[in-house]
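Visitor: Mind having a look at this structure? Questions to follow.
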Amino acid sequence: MNNKLIKDPYLWIFLIFLLYPVLPYIGNFTSLGTELLLWFIFTLSFNLCLGYTGLPSFGHGAFYGVGSYGAAIAFLHLFNKGGFLIPVVIGALTGAVFAAVLGYVIRNKKGVYFALLTVVFTQVLFGICWRWDAVTGGESGLMGISRTTFLGLDIHDPITFYYLVFVVFAVCAIVIRIIANSSFGMSLKAIRQNPVRAQYLGYTTGNYKFVVYLISGLFAGLAGGLYCFLTQSAFADILDWTKSGDVVIATLLGGGTVSFYGPIVGSVIFLLMKELISSFWDHWALLYGLSFVIIILAFPTGLLGMFKSK
Amino acid sequence: MNSVLILSIILNGLVLGLVYSAVALGFSLVLGLSGVINFCHGVMFAFGAYFFWLLKDIIGFWPAVVVVPLLVAIIGFVIERVLIRRVYGLDPLFGLLITLGFSIALEELIRMIFGPAAHNVSAPSFASGCIIWGDFVYSKYRLFIAVFAAVMVGGTWLLISKTKFGAIVKAGMFDSEMVGALGHNLPKLRTTVFILGTALAGLSGILAAPIWSIKSGMGSAVLMPSFLIVLMGGLGSIPGTIVGGLLVGLSSALATLVFPRFVDIIPYVLLGVIIYFWPRGLFGEQNIND
C-alpha cells in the first residue's frame, strides 16, 4: 500500500508544487507557478476530451476565455467590486454553458467537421469579446479586478493566492481522475477506440461526447475564472486560436493520449519553454511555431508515450 | 441612405466575396481530397502579395501574374513534401497543429525580413482610376479583380468538372482508397492538388495586394473566411465555394449598414443557420472526411 502510494505520480506532482514557492530561482516567479497550476486544471480536463474520448477539439481556449470574462463581469457588477468565490463559480458555469452549447451542436459531428466547427465557434466568441464594448470592454478588456480576502485569508498576497490555487488544483485533479477512472471514463475510452462498436453496444455516443464536453468546459471556465484574478484583468486575446493551439500542443507533448499525467508534464515543459524563449528573443514566434512542427513530428504520442512500448 | 451608396456597398461585397472564393478554392480542394485543415494556406496568400510587391516594378504586372504563383507553388511543394505528407490519414488535429505552427513561424519570418510595417502597391496602370456613371463612381481595379477572380474560379471549376484529372480528384474525395486501388498514384495526386491550391492562394494574394495593405498578418485574415466558406458550401465543392464566398462577402458588406460593430459576427450567424439545415454545407456531398 505504502509502496503503491510512493509510486503514484500524483504524490510527486503535489509535493513539487507544494514546495514550488521555496524552490531556488524558479520559486521567485510565483505568478508563473500559479499559471502553471491553472494550466494543469485546464489541460487535465481538456484531456478528457482529447486523450480519453478522442475528440479533435480545437476551441478550448474559448472556454478558458469566457470563464475569465464571466468571473470578471460578475466581480465588477455583482457585488460592487468584491467577492471571490461567487465570481469564480460564475466563471466556471459560464465555461460550462458555452461548452454545452457547442457540445450540443457538434455532438454527432466527426473528424474535420468537428475540428473546423470548434475553431469557428472559438472565433465567434473571440469576435464577441473583442467587439462588445458595453459588456466585455472590447479591445481594451476589463481591468480593475482585485483580490481582497477569502475565508479570512489575504489572497492579495501572491503566495497565499498560489496556495489557494494549489488547493483548487489538488481537488480538481482528484475529481478529474475519479471521472477518468469511473465507468463513465471507461465508456469514453471505448468511444475513442471504436465509436461504431460503442454504438452497437448501446452507448449513445453523442450524449457521452456532450457530457464530457460540458465537464471539460466547466473546469476550463474555473481555471479561466481564477486566471482573471491572477492577472487582475480579462482580455480577448486569451480566446485567440493560438491559445487553443497551446492547450492541444501542451497536452500532446506530454502524452495526453497515453497517460493521465501527460498534460501536466506537457504544460510544464511547453509553458516554461515559451516563457524562456519569449523573454530573450523578439522573434520568438518563429521558434514557437516551429516547436509545434517538431513536437508533432518527433513525439506524436508525447514524451510519456515514448516510455510505453506498444 | 441613397441608392448609390447601397449599390457600391453591394458591389464591394460581391468583389470581396469573389476574392474570398478564390482564396478558399485551394483550401477546399486540399481539405476535400487530403483531409488536412491547412492553416498555411493564409501565409501562401500573403507570400503571393509580398512576391508581387517585390517583383511588380521589375518585371511588370502580367509577367508577375505568371511568376508569383509559380514561386508560391514551389514553396507549397516543399511544405507538402516535408511536412504535410506525414500527417495524411492521421487525426485532423495533427494536420491542423503542424500547419498552424508552421504558419506562425512563416508569418514571423515575413516580419523579420520585411519588417512589421504595412506596404502598399498600386494597381496596374490599365486598371487604375475609376469608372464614373452618373453619380456612381467605382474603382476600375475592383471590377478587374471581380472579373479575374471569376475567371480563376471558373477555370478551376472547368478543370475539376470537365477533365480526366478533375474526375480522379473528385473520385479521390469520395473514396481515396479505391482511387489508389484503381492504379492512380494517390500521394502524387495529393501533391498536385496541394500545389494547385497554393498557386491559387498566391494568385489571389496578387489580386488582393492593391486593395488591402500588404502585411504579415494578412494571411490569417483570410483564413477564417475560408473556413466559413468551406463549411457553408461543402468540403471540396467548387459551386459551394462560389456561393459560400458570395454569401460571406455580401453578408458582411450588408451588415456594415445595419450592425457596423458586429460585421465580423454576421457570417457566423449565417453559417449556424446553414449548418442546421444542411449539415454538410449547401453543396456538400459524401466525402472521405465523413
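Residues are named by chain letter and number: chains run A, B, ... in the order of the C-alpha cells, numbers start at 1 in each chain, and ligands are numbered from 1 in the order shown.
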Can you pull out every residue within 12 Å of Val175 (chain A), counting only C-alpha atoms, but drop anything in the same chain fewer than 6 positions away, and send it as number ranges by chain?
Guide: A: 41, 44-45, 48, 168-169, 181-182, 185, 215-216, 219
Visitor: Print the selection's residues with N, CA and C atoms to a file, as an mmCIF file, in the first residue's frame.
Guide:
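See selection.cif below for the written result:
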data_model
loop_
_atom_site.group_PDB
_atom_site.id
_atom_site.type_symbol
_atom_site.label_atom_id
_atom_site.label_comp_id
_atom_site.auth_asym_id
_atom_site.auth_seq_id
_atom_site.Cartn_x
_atom_site.Cartn_y
_atom_site.Cartn_z
ATOM 1 N N ILE A 41 -5.106 22.311 -14.410
ATOM 2 C CA ILE A 41 -6.557 22.089 -14.338
ATOM 3 C C ILE A 41 -7.129 22.058 -15.742
ATOM 4 N N LEU A 44 -5.722 19.036 -17.949
ATOM 5 C CA LEU A 44 -6.225 17.734 -17.477
ATOM 6 C C LEU A 44 -7.664 17.557 -17.919
ATOM 7 N N SER A 45 -8.466 18.623 -17.790
ATOM 8 C CA SER A 45 -9.870 18.491 -18.172
ATOM 9 C C SER A 45 -10.001 18.413 -19.689
ATOM 10 N N LEU A 48 -9.651 14.956 -21.040
ATOM 11 C CA LEU A 48 -10.835 14.082 -21.039
ATOM 12 C C LEU A 48 -11.432 14.052 -22.438
ATOM 13 N N VAL A 168 -7.199 24.283 -5.002
ATOM 14 C CA VAL A 168 -8.205 24.083 -6.049
ATOM 15 C C VAL A 168 -7.704 23.051 -7.056
ATOM 16 N N PHE A 169 -6.436 23.194 -7.442
ATOM 17 C CA PHE A 169 -5.857 22.248 -8.399
ATOM 18 C C PHE A 169 -5.901 20.827 -7.853
ATOM 19 N N ASN A 181 -11.393 7.448 -14.249
ATOM 20 C CA ASN A 181 -11.359 6.026 -13.904
ATOM 21 C C ASN A 181 -12.740 5.438 -13.647
ATOM 22 N N SER A 182 -13.762 6.271 -13.719
ATOM 23 C CA SER A 182 -15.112 5.764 -13.456
ATOM 24 C C SER A 182 -15.606 4.988 -14.673
ATOM 25 N N GLY A 185 -15.711 7.200 -17.554
ATOM 26 C CA GLY A 185 -14.424 7.377 -18.232
ATOM 27 C C GLY A 185 -14.087 6.197 -19.126
ATOM 28 N N ILE A 215 -18.282 18.874 -19.059
ATOM 29 C CA ILE A 215 -17.413 18.763 -17.885
ATOM 30 C C ILE A 215 -16.110 19.515 -18.124
ATOM 31 N N SER A 216 -15.510 19.307 -19.305
ATOM 32 C CA SER A 216 -14.216 19.958 -19.516
ATOM 33 C C SER A 216 -14.394 21.463 -19.652
ATOM 34 N N PHE A 219 -14.416 22.872 -16.047
ATOM 35 C CA PHE A 219 -13.084 23.025 -15.442
ATOM 36 C C PHE A 219 -12.288 24.122 -16.146
#
Visitor: Give as an NGL selection string every residue of chain A that touches chain B within 6 Å, counting only C-alpha atoms.
Guide: :A and (56 or 112 or 286 or 289-290 or 292-293)
Visitor: Could you name the residues that touch Ala223 (chain A) at 9 Å or less, counting only C-alpha atoms, but leaving out those on the same chain fewer than 4 positions away, as a compact mmCIF listing (two decimals) with C-alpha atoms, in the first residue's frame?
Guide:
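Written out: around.txt:
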# COMPACT_ATOMS: atom_id res chain seq x y z
CA LEU A 37 -1.37 25.18 -11.80
CA LEU A 38 -4.26 26.74 -13.73
CA TRP A 39 -2.93 25.16 -16.90
CA PHE A 40 -2.86 21.79 -15.16
CA ILE A 41 -6.56 22.09 -14.34
CA PHE A 42 -7.24 23.24 -17.87
CA TYR A 64 -10.99 29.39 -20.54
CA GLY A 67 -14.67 31.73 -17.85
CA SER A 68 -12.27 34.58 -17.32
CA VAL A 88 -15.08 32.15 -9.79
CA GLY A 91 -16.73 31.81 -14.38
CA ALA A 92 -16.83 28.03 -14.22
CA PHE A 169 -5.86 22.25 -8.40
CA LEU A 218 -16.68 23.62 -16.54
CA PHE A 219 -13.08 23.03 -15.44
CA TYR A 227 -6.84 33.35 -14.15
CA CYS A 228 -8.68 36.66 -14.24
Visitor: Region 119-218 of chain A: which residues are strand (DSSP E) by DSSP, as a PyMOL selection string?
Guide: chain A and resi 149-150+153-154
Visitor: Give me, as a ChimeraX atom specification, all polymer residues having an atom no more than 12 Å from region 135-142 of chain B, counting only C-alpha atoms and skipping those fewer than 2 positions away in the same chain.
Guide: /B:2-19,122-133,144-149,207-212
Visitor: How many Å separate CA of Val97 (chain A) from CA of His60 (chain A)?
Guide: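 Atom-to-atom, CA of Val97 (chain A) to CA of His60 (chain A), that is 13.0 Å.
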Visitor: Considering only C-alpha atoms, return as a PyMOL selection string whatever protein or nucleic-acid residues lie within 12 Å of Ser28 (chain B), sequence-local ones (same chain, fewer than 4 positions apart) excluded.
Guide: (chain A and resi 112) or (chain B and resi 20-24+32-39+41+156+173+193-194+196-198+200-201+223+225-242+244-245+284)
Visitor: I need the chosen residues saved as a PDB file, in the first residue's frame, with C-alpha atoms.
Guide:
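File again_23.pdb, as written:
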ATOM      1  CA  VAL A 112     -12.641  17.503 -39.867  1.00  0.00           C
TER       2      VAL A 112
ATOM      3  CA  TYR B  20     -12.713  35.087 -50.693  1.00  0.00           C
ATOM      4  CA  SER B  21     -13.945  32.386 -53.089  1.00  0.00           C
ATOM      5  CA  ALA B  22     -10.647  32.490 -54.955  1.00  0.00           C
ATOM      6  CA  VAL B  23      -8.736  32.111 -51.683  1.00  0.00           C
ATOM      7  CA  ALA B  24     -10.974  29.362 -50.342  1.00  0.00           C
ATOM      8  CA  GLY B  32     -11.671  17.625 -49.585  1.00  0.00           C
ATOM      9  CA  LEU B  33      -9.019  15.372 -51.078  1.00  0.00           C
ATOM     10  CA  SER B  34      -6.469  15.037 -48.268  1.00  0.00           C
ATOM     11  CA  GLY B  35      -8.448  15.837 -45.124  1.00  0.00           C
ATOM     12  CA  VAL B  36      -5.864  18.385 -43.955  1.00  0.00           C
ATOM     13  CA  ILE B  37      -7.067  21.667 -42.449  1.00  0.00           C
ATOM     14  CA  ASN B  38      -4.282  23.742 -43.932  1.00  0.00           C
ATOM     15  CA  PHE B  39      -3.539  26.802 -41.794  1.00  0.00           C
ATOM     16  CA  HIS B  41      -2.977  28.490 -46.807  1.00  0.00           C
ATOM     17  CA  THR B 156     -10.710  25.647 -61.699  1.00  0.00           C
ATOM     18  CA  MET B 173     -12.616  12.943 -52.410  1.00  0.00           C
ATOM     19  CA  VAL B 193      -3.719  19.284 -55.732  1.00  0.00           C
ATOM     20  CA  PHE B 194      -1.752  20.862 -52.892  1.00  0.00           C
ATOM     21  CA  LEU B 196      -2.581  23.787 -57.338  1.00  0.00           C
ATOM     22  CA  GLY B 197      -4.146  25.042 -54.101  1.00  0.00           C
ATOM     23  CA  THR B 198      -1.107  27.056 -53.047  1.00  0.00           C
ATOM     24  CA  LEU B 200      -4.356  29.668 -56.378  1.00  0.00           C
ATOM     25  CA  ALA B 201      -3.689  31.196 -52.946  1.00  0.00           C
ATOM     26  CA  LEU B 223      -8.139  32.069 -43.217  1.00  0.00           C
ATOM     27  CA  PRO B 225     -13.457  33.358 -44.246  1.00  0.00           C
ATOM     28  CA  SER B 226     -12.067  30.255 -45.959  1.00  0.00           C
ATOM     29  CA  PHE B 227     -13.188  28.068 -43.047  1.00  0.00           C
ATOM     30  CA  LEU B 228     -16.638  29.632 -43.179  1.00  0.00           C
ATOM     31  CA  ILE B 229     -16.910  29.215 -46.932  1.00  0.00           C
ATOM     32  CA  VAL B 230     -15.895  25.577 -46.836  1.00  0.00           C
ATOM     33  CA  LEU B 231     -18.401  24.803 -44.085  1.00  0.00           C
ATOM     34  CA  MET B 232     -21.157  26.776 -45.844  1.00  0.00           C
ATOM     35  CA  GLY B 233     -20.556  25.431 -49.333  1.00  0.00           C
ATOM     36  CA  GLY B 234     -19.400  21.905 -48.581  1.00  0.00           C
ATOM     37  CA  LEU B 235     -15.929  20.361 -48.456  1.00  0.00           C
ATOM     38  CA  GLY B 236     -14.221  20.247 -51.842  1.00  0.00           C
ATOM     39  CA  SER B 237     -17.218  21.589 -53.747  1.00  0.00           C
ATOM     40  CA  ILE B 238     -16.417  24.355 -56.232  1.00  0.00           C
ATOM     41  CA  PRO B 239     -20.002  25.636 -56.704  1.00  0.00           C
ATOM     42  CA  GLY B 240     -20.172  25.619 -52.894  1.00  0.00           C
ATOM     43  CA  THR B 241     -17.022  27.718 -52.718  1.00  0.00           C
ATOM     44  CA  ILE B 242     -18.506  30.300 -55.108  1.00  0.00           C
ATOM     45  CA  GLY B 244     -20.160  30.447 -49.873  1.00  0.00           C
ATOM     46  CA  GLY B 245     -17.749  33.204 -50.882  1.00  0.00           C
ATOM     47  CA  GLY B 284     -21.633  19.119 -49.703  1.00  0.00           C
TER      48      GLY B 284
END
Visitor: Mind checking DSSP for region 100-141 of chain B and telling me the helix (DSSP H, G or I) residues as a ChimeraX atom specification?
Guide: /B:100-114,125-127,140-141
